[in-house]
Amino acid sequence: MQVEGILYNDNAVVSIDVKDGKIRYVEKKQALNIGQETPIYIAPGLIDHQVNGYIGHSFVDENLSIEMVRQITEKLWQSGVTTYFPTLITSNRELLMRNFSVLREAIDDPEIKLSIPGFHLEGPYISSKDEYHGAHKKKWIRDPDWDEFIELYKASGENIRQITVAPELAGAIDFIKKCKNEDIVIGLGHHNGSAMDIKKAVEAGASVSTHLGNGIANFIHHHDNPIWPQLADDRLMASMIADGFHLTPAEVQVFYKVKGPDRITLVSDVSYLGGLPPGRYDDLIVTSDGMVFFPNQNVKAGASFLITKGIENMTAYTQCSIADAIDMASRNPARLFGMHDRGDIKPGKRADLILFSFDSGKIKIHKTILAGKTVYADIGY
């Protein structure tokens with residue numbers, strides 16, 4: 001397979017040779033063989049490590065099936081996501097055991113496994129304080145329990161690759177150390193940890209702030225709050241939901257200035273309501289402009305937009321380059337999770353590629369290539 005286009009990070013016209021699912025070489029050319037009215041760029045496939053569900057299917061649905069996982073995966077391909085982490089939020093033990101088992105079976109399918117290198121457990125070991133737990137149900141929140149976690153880990157086929165915890169909980173620091181020993185990425189989220197709690201957690205192995213600026217009370221102390229010490233610690237990467245609702249443009253700008261383009265990962269936090277029309281769904285509302293929230297509690301409940309929206313907003317809010325924004329959704333998460341086979345366009349890397357146009361601040365995905373196979377192409381391309 002030969003893939004031609006404009007390289008996203010240096011505007012060079014290139015031809016990429018792909019064989020056996022990997023990039024063999026990248027050759028610079030004087031011009032494309034076929035003229036294009038709109039420039040078509042080539043970038044690494046997008047990586048989203050916080051996907052709660054999509055198109056009506058949730059990863060904590062008690063009826064989750066392998067077919068639902070396949071449908072979500074195929075839909076994400078249409079938006080250029082070649083790698084993602086199904087995310088299970090705080091739930092009862094039985095449901096978590098069941099759904100991790102379903103996901104384990106789903107990745108027995110070699111094509112699905114290419115897109116799902118692991119799972120993200122967000123909770124149940126988070127803060128139960130009002131507003132800090134957000135959309136997570138308080139009745140299922142609990143302190144870290146290593147024995148319980150190991151049961152979940154085994155049910156997943158040892159495929160839990162990220163866990164989000166609150167560092168101030170009893171036993172949290174020891175729990176983080178044990179997760180680190182299993183090469184699990186530890187995120188700090190939905191917490192009210194002090195600067196010392198956060199420092200101890202980082203020293204124990206925590207490496208990312210889960211959706212920094214969210215999972216926190218609306219009114220906090222102006223000095224002593226969890227945001228400042230997480231921003232200040234260069235050892236913590238920051239995952240960010242830049243959908244236009246979870247963070248204000250000014251927050252995104254500040255986080256970007258402090259962390260820089262190399263220590264941010266963009267995530268969608270997309271929920272099962274993503275891809276559905278505006279309206280009321282049980283006790284949730286999707287507004288006409290795409291915000292998802294609980295009206296009774298006035299808290300956000302995941303997102304309706306995919307990670308491409310975050311890329312667009314990063315460029316609009318911070319004036320960073322489209323290359324930097326895409327790296328926050330490809331190269332950076334690949335580095336965070338030690339996925340050395342993806343996240344870049346170099347010989348030897350897996351051929352996860354997207355061909356896209358970027359016009360008036362909007363991304364349009366024209367083709368998605370997963371391990372050298374075209375899994376999505378728009379009509380006429």
# chains A, B, ... in the order shown; residues from 1 in each chain; ligands from 1
$ closest_atom_pairs --of "stretch 121-143 of chain A" --to "stretch 155-164 of chain A" --cutoff "7 Å" --atoms "only C-alpha atoms" --output "CSV"
residue,atom,partner,partner_atom,distance
A:Leu121,CA,A:Ile163,CA,4.7
A:Glu122,CA,A:Thr164,CA,4.7
A:Gly123,CA,A:Thr164,CA,5.8
$ select_by_dssp --residues "stretch 147-324 of chain A" --states "strand (DSSP E)" --output "PyMOL selection string"
chain A and resi 160-165+185-188+206-209+237-240+264-266+279-281+284-286+292-294+299-300
$ residues_around --residues "A:Val51" --least-positions-apart "2" --cutoff "8 Å" --atoms "only C-alpha atoms" --output "list in words"
Asp48, His49, Gly53, Tyr54, Tyr84, Phe85, Pro86, Thr87, Val267, Ser268, Asp269, Val270 and Ser271 of chain A
$ closest_atom_pairs --of "stretch 129-162 of chain A" --to "stretch 185-196 of chain A" --cutoff "12 Å" --atoms "only C-alpha atoms" --output "JSON lines"
{"residue": "A:Lys129", "atom": "CA", "partner": "A:Asn192", "partner_atom": "CA", "distance": 8.4}
{"residue": "A:Asp130", "atom": "CA", "partner": "A:His190", "partner_atom": "CA", "distance": 10.5}
{"residue": "A:Glu131", "atom": "CA", "partner": "A:His190", "partner_atom": "CA", "distance": 8.8}
{"residue": "A:Tyr132", "atom": "CA", "partner": "A:His190", "partner_atom": "CA", "distance": 5.2}
{"residue": "A:His133", "atom": "CA", "partner": "A:His190", "partner_atom": "CA", "distance": 5.4}
{"residue": "A:Gly134", "atom": "CA", "partner": "A:His190", "partner_atom": "CA", "distance": 7.4}
{"residue": "A:Ala135", "atom": "CA", "partner": "A:His190", "partner_atom": "CA", "distance": 10.1}
{"residue": "A:His136", "atom": "CA", "partner": "A:His190", "partner_atom": "CA", "distance": 9.1}
{"residue": "A:Lys138", "atom": "CA", "partner": "A:His190", "partner_atom": "CA", "distance": 11.8}
{"residue": "A:Ile141", "atom": "CA", "partner": "A:His190", "partner_atom": "CA", "distance": 10.9}
{"residue": "A:Asn159", "atom": "CA", "partner": "A:Val185", "partner_atom": "CA", "distance": 11.6}
{"residue": "A:Ile160", "atom": "CA", "partner": "A:Val185", "partner_atom": "CA", "distance": 9.0}
{"residue": "A:Arg161", "atom": "CA", "partner": "A:Val185", "partner_atom": "CA", "distance": 6.0}
{"residue": "A:Gln162", "atom": "CA", "partner": "A:Val185", "partner_atom": "CA", "distance": 4.5}
$ write_last_selection --atoms "N, CA and C atoms" --output "mmCIF file, in the first residue's frame"
data_model
loop_
_atom_site.group_PDB
_atom_site.id
_atom_site.type_symbol
_atom_site.label_atom_id
_atom_site.label_comp_id
_atom_site.auth_asym_id
_atom_site.auth_seq_id
_atom_site.Cartn_x
_atom_site.Cartn_y
_atom_site.Cartn_z
ATOM 1 N N LYS A 129 -17.290 12.754 48.279
ATOM 2 C CA LYS A 129 -17.778 14.077 48.666
ATOM 3 C C LYS A 129 -18.636 14.665 47.557
ATOM 4 N N ASP A 130 -19.674 15.378 47.964
ATOM 5 C CA ASP A 130 -20.578 15.987 47.000
ATOM 6 C C ASP A 130 -19.802 16.841 46.009
ATOM 7 N N GLU A 131 -20.165 16.728 44.751
ATOM 8 C CA GLU A 131 -19.611 17.436 43.598
ATOM 9 C C GLU A 131 -18.303 16.831 43.094
ATOM 10 N N TYR A 132 -17.515 16.213 43.977
ATOM 11 C CA TYR A 132 -16.258 15.640 43.518
ATOM 12 C C TYR A 132 -16.473 14.346 42.740
ATOM 13 N N HIS A 133 -17.529 13.628 43.052
ATOM 14 C CA HIS A 133 -17.753 12.361 42.340
ATOM 15 C C HIS A 133 -18.499 12.563 41.027
ATOM 16 N N GLY A 134 -19.010 13.776 40.774
ATOM 17 C CA GLY A 134 -19.647 14.065 39.491
ATOM 18 C C GLY A 134 -20.789 13.123 39.187
ATOM 19 N N ALA A 135 -20.738 12.501 38.003
ATOM 20 C CA ALA A 135 -21.815 11.604 37.571
ATOM 21 C C ALA A 135 -21.658 10.193 38.132
ATOM 22 N N HIS A 136 -20.600 9.930 38.882
ATOM 23 C CA HIS A 136 -20.407 8.613 39.489
ATOM 24 C C HIS A 136 -21.381 8.460 40.663
ATOM 25 N N LYS A 138 -22.809 7.715 44.088
ATOM 26 C CA LYS A 138 -22.181 7.729 45.408
ATOM 27 C C LYS A 138 -22.280 6.380 46.118
ATOM 28 N N ILE A 141 -19.267 4.098 45.476
ATOM 29 C CA ILE A 141 -17.908 4.592 45.700
ATOM 30 C C ILE A 141 -17.348 3.954 46.976
ATOM 31 N N ASN A 159 -6.085 -6.791 31.374
ATOM 32 C CA ASN A 159 -6.040 -5.751 30.347
ATOM 33 C C ASN A 159 -6.438 -4.370 30.861
ATOM 34 N N ILE A 160 -6.599 -4.195 32.172
ATOM 35 C CA ILE A 160 -6.813 -2.845 32.696
ATOM 36 C C ILE A 160 -5.475 -2.116 32.600
ATOM 37 N N ARG A 161 -5.430 -1.098 31.762
ATOM 38 C CA ARG A 161 -4.177 -0.370 31.513
ATOM 39 C C ARG A 161 -4.121 0.971 32.236
ATOM 40 N N GLN A 162 -5.290 1.481 32.650
ATOM 41 C CA GLN A 162 -5.326 2.730 33.410
ATOM 42 C C GLN A 162 -6.372 2.619 34.499
#
$ select_by_dssp --residues "stretch 85-194 of chain A" --states "alpha helix (DSSP H)" --output "PyMOL selection string"
chain A and resi 93-106+110-115+146-155+172-181
$ write_last_selection --atoms "C-alpha atoms" --output "mmCIF file, in the first residue's frame"
data_model
loop_
_atom_site.group_PDB
_atom_site.id
_atom_site.type_symbol
_atom_site.label_atom_id
_atom_site.label_comp_id
_atom_site.auth_asym_id
_atom_site.auth_seq_id
_atom_site.Cartn_x
_atom_site.Cartn_y
_atom_site.Cartn_z
ATOM 1 C CA ARG A 93 -18.665 -5.178 41.615
ATOM 2 C CA GLU A 94 -20.884 -7.661 39.765
ATOM 3 C CA LEU A 95 -21.443 -5.362 36.794
ATOM 4 C CA LEU A 96 -17.752 -4.481 36.560
ATOM 5 C CA MET A 97 -16.818 -8.169 36.655
ATOM 6 C CA ARG A 98 -19.347 -8.987 33.932
ATOM 7 C CA ASN A 99 -18.442 -6.140 31.591
ATOM 8 C CA PHE A 100 -14.705 -6.577 31.891
ATOM 9 C CA SER A 101 -15.311 -10.195 30.926
ATOM 10 C CA VAL A 102 -17.314 -9.082 27.880
ATOM 11 C CA LEU A 103 -14.539 -6.708 26.850
ATOM 12 C CA ARG A 104 -11.952 -9.462 27.309
ATOM 13 C CA GLU A 105 -13.955 -11.649 24.932
ATOM 14 C CA ALA A 106 -14.414 -8.766 22.490
ATOM 15 C CA PRO A 110 -8.100 -9.621 16.185
ATOM 16 C CA GLU A 111 -9.530 -6.582 14.391
ATOM 17 C CA ILE A 112 -11.136 -5.146 17.540
ATOM 18 C CA LYS A 113 -7.983 -5.899 19.532
ATOM 19 C CA LEU A 114 -5.964 -3.743 17.153
ATOM 20 C CA SER A 115 -7.993 -0.753 18.351
ATOM 21 C CA TRP A 146 -6.566 -4.533 46.264
ATOM 22 C CA ASP A 147 -8.221 -7.943 46.520
ATOM 23 C CA GLU A 148 -11.304 -6.679 44.715
ATOM 24 C CA PHE A 149 -9.198 -4.948 42.081
ATOM 25 C CA ILE A 150 -7.208 -8.112 41.355
ATOM 26 C CA GLU A 151 -10.477 -9.947 40.726
ATOM 27 C CA LEU A 152 -11.479 -7.235 38.249
ATOM 28 C CA TYR A 153 -8.001 -7.296 36.717
ATOM 29 C CA LYS A 154 -8.206 -11.040 36.143
ATOM 30 C CA ALA A 155 -11.752 -10.745 34.738
ATOM 31 C CA ALA A 172 -4.654 4.839 48.206
ATOM 32 C CA ILE A 173 -0.885 5.340 48.200
ATOM 33 C CA ASP A 174 -0.153 1.660 48.804
ATOM 34 C CA PHE A 175 -2.749 0.784 46.162
ATOM 35 C CA ILE A 176 -1.030 3.090 43.652
ATOM 36 C CA LYS A 177 2.321 1.426 44.332
ATOM 37 C CA LYS A 178 0.840 -1.996 43.645
ATOM 38 C CA CYS A 179 -0.774 -0.789 40.393
ATOM 39 C CA LYS A 180 2.536 0.693 39.303
ATOM 40 C CA ASN A 181 4.187 -2.689 39.860
#
$ closest_residue --among "A:Phe337, A:Phe219, A:Tyr125, A:Phe356" --to "A:Ala43" --atoms "only C-alpha atoms"
A:Phe356
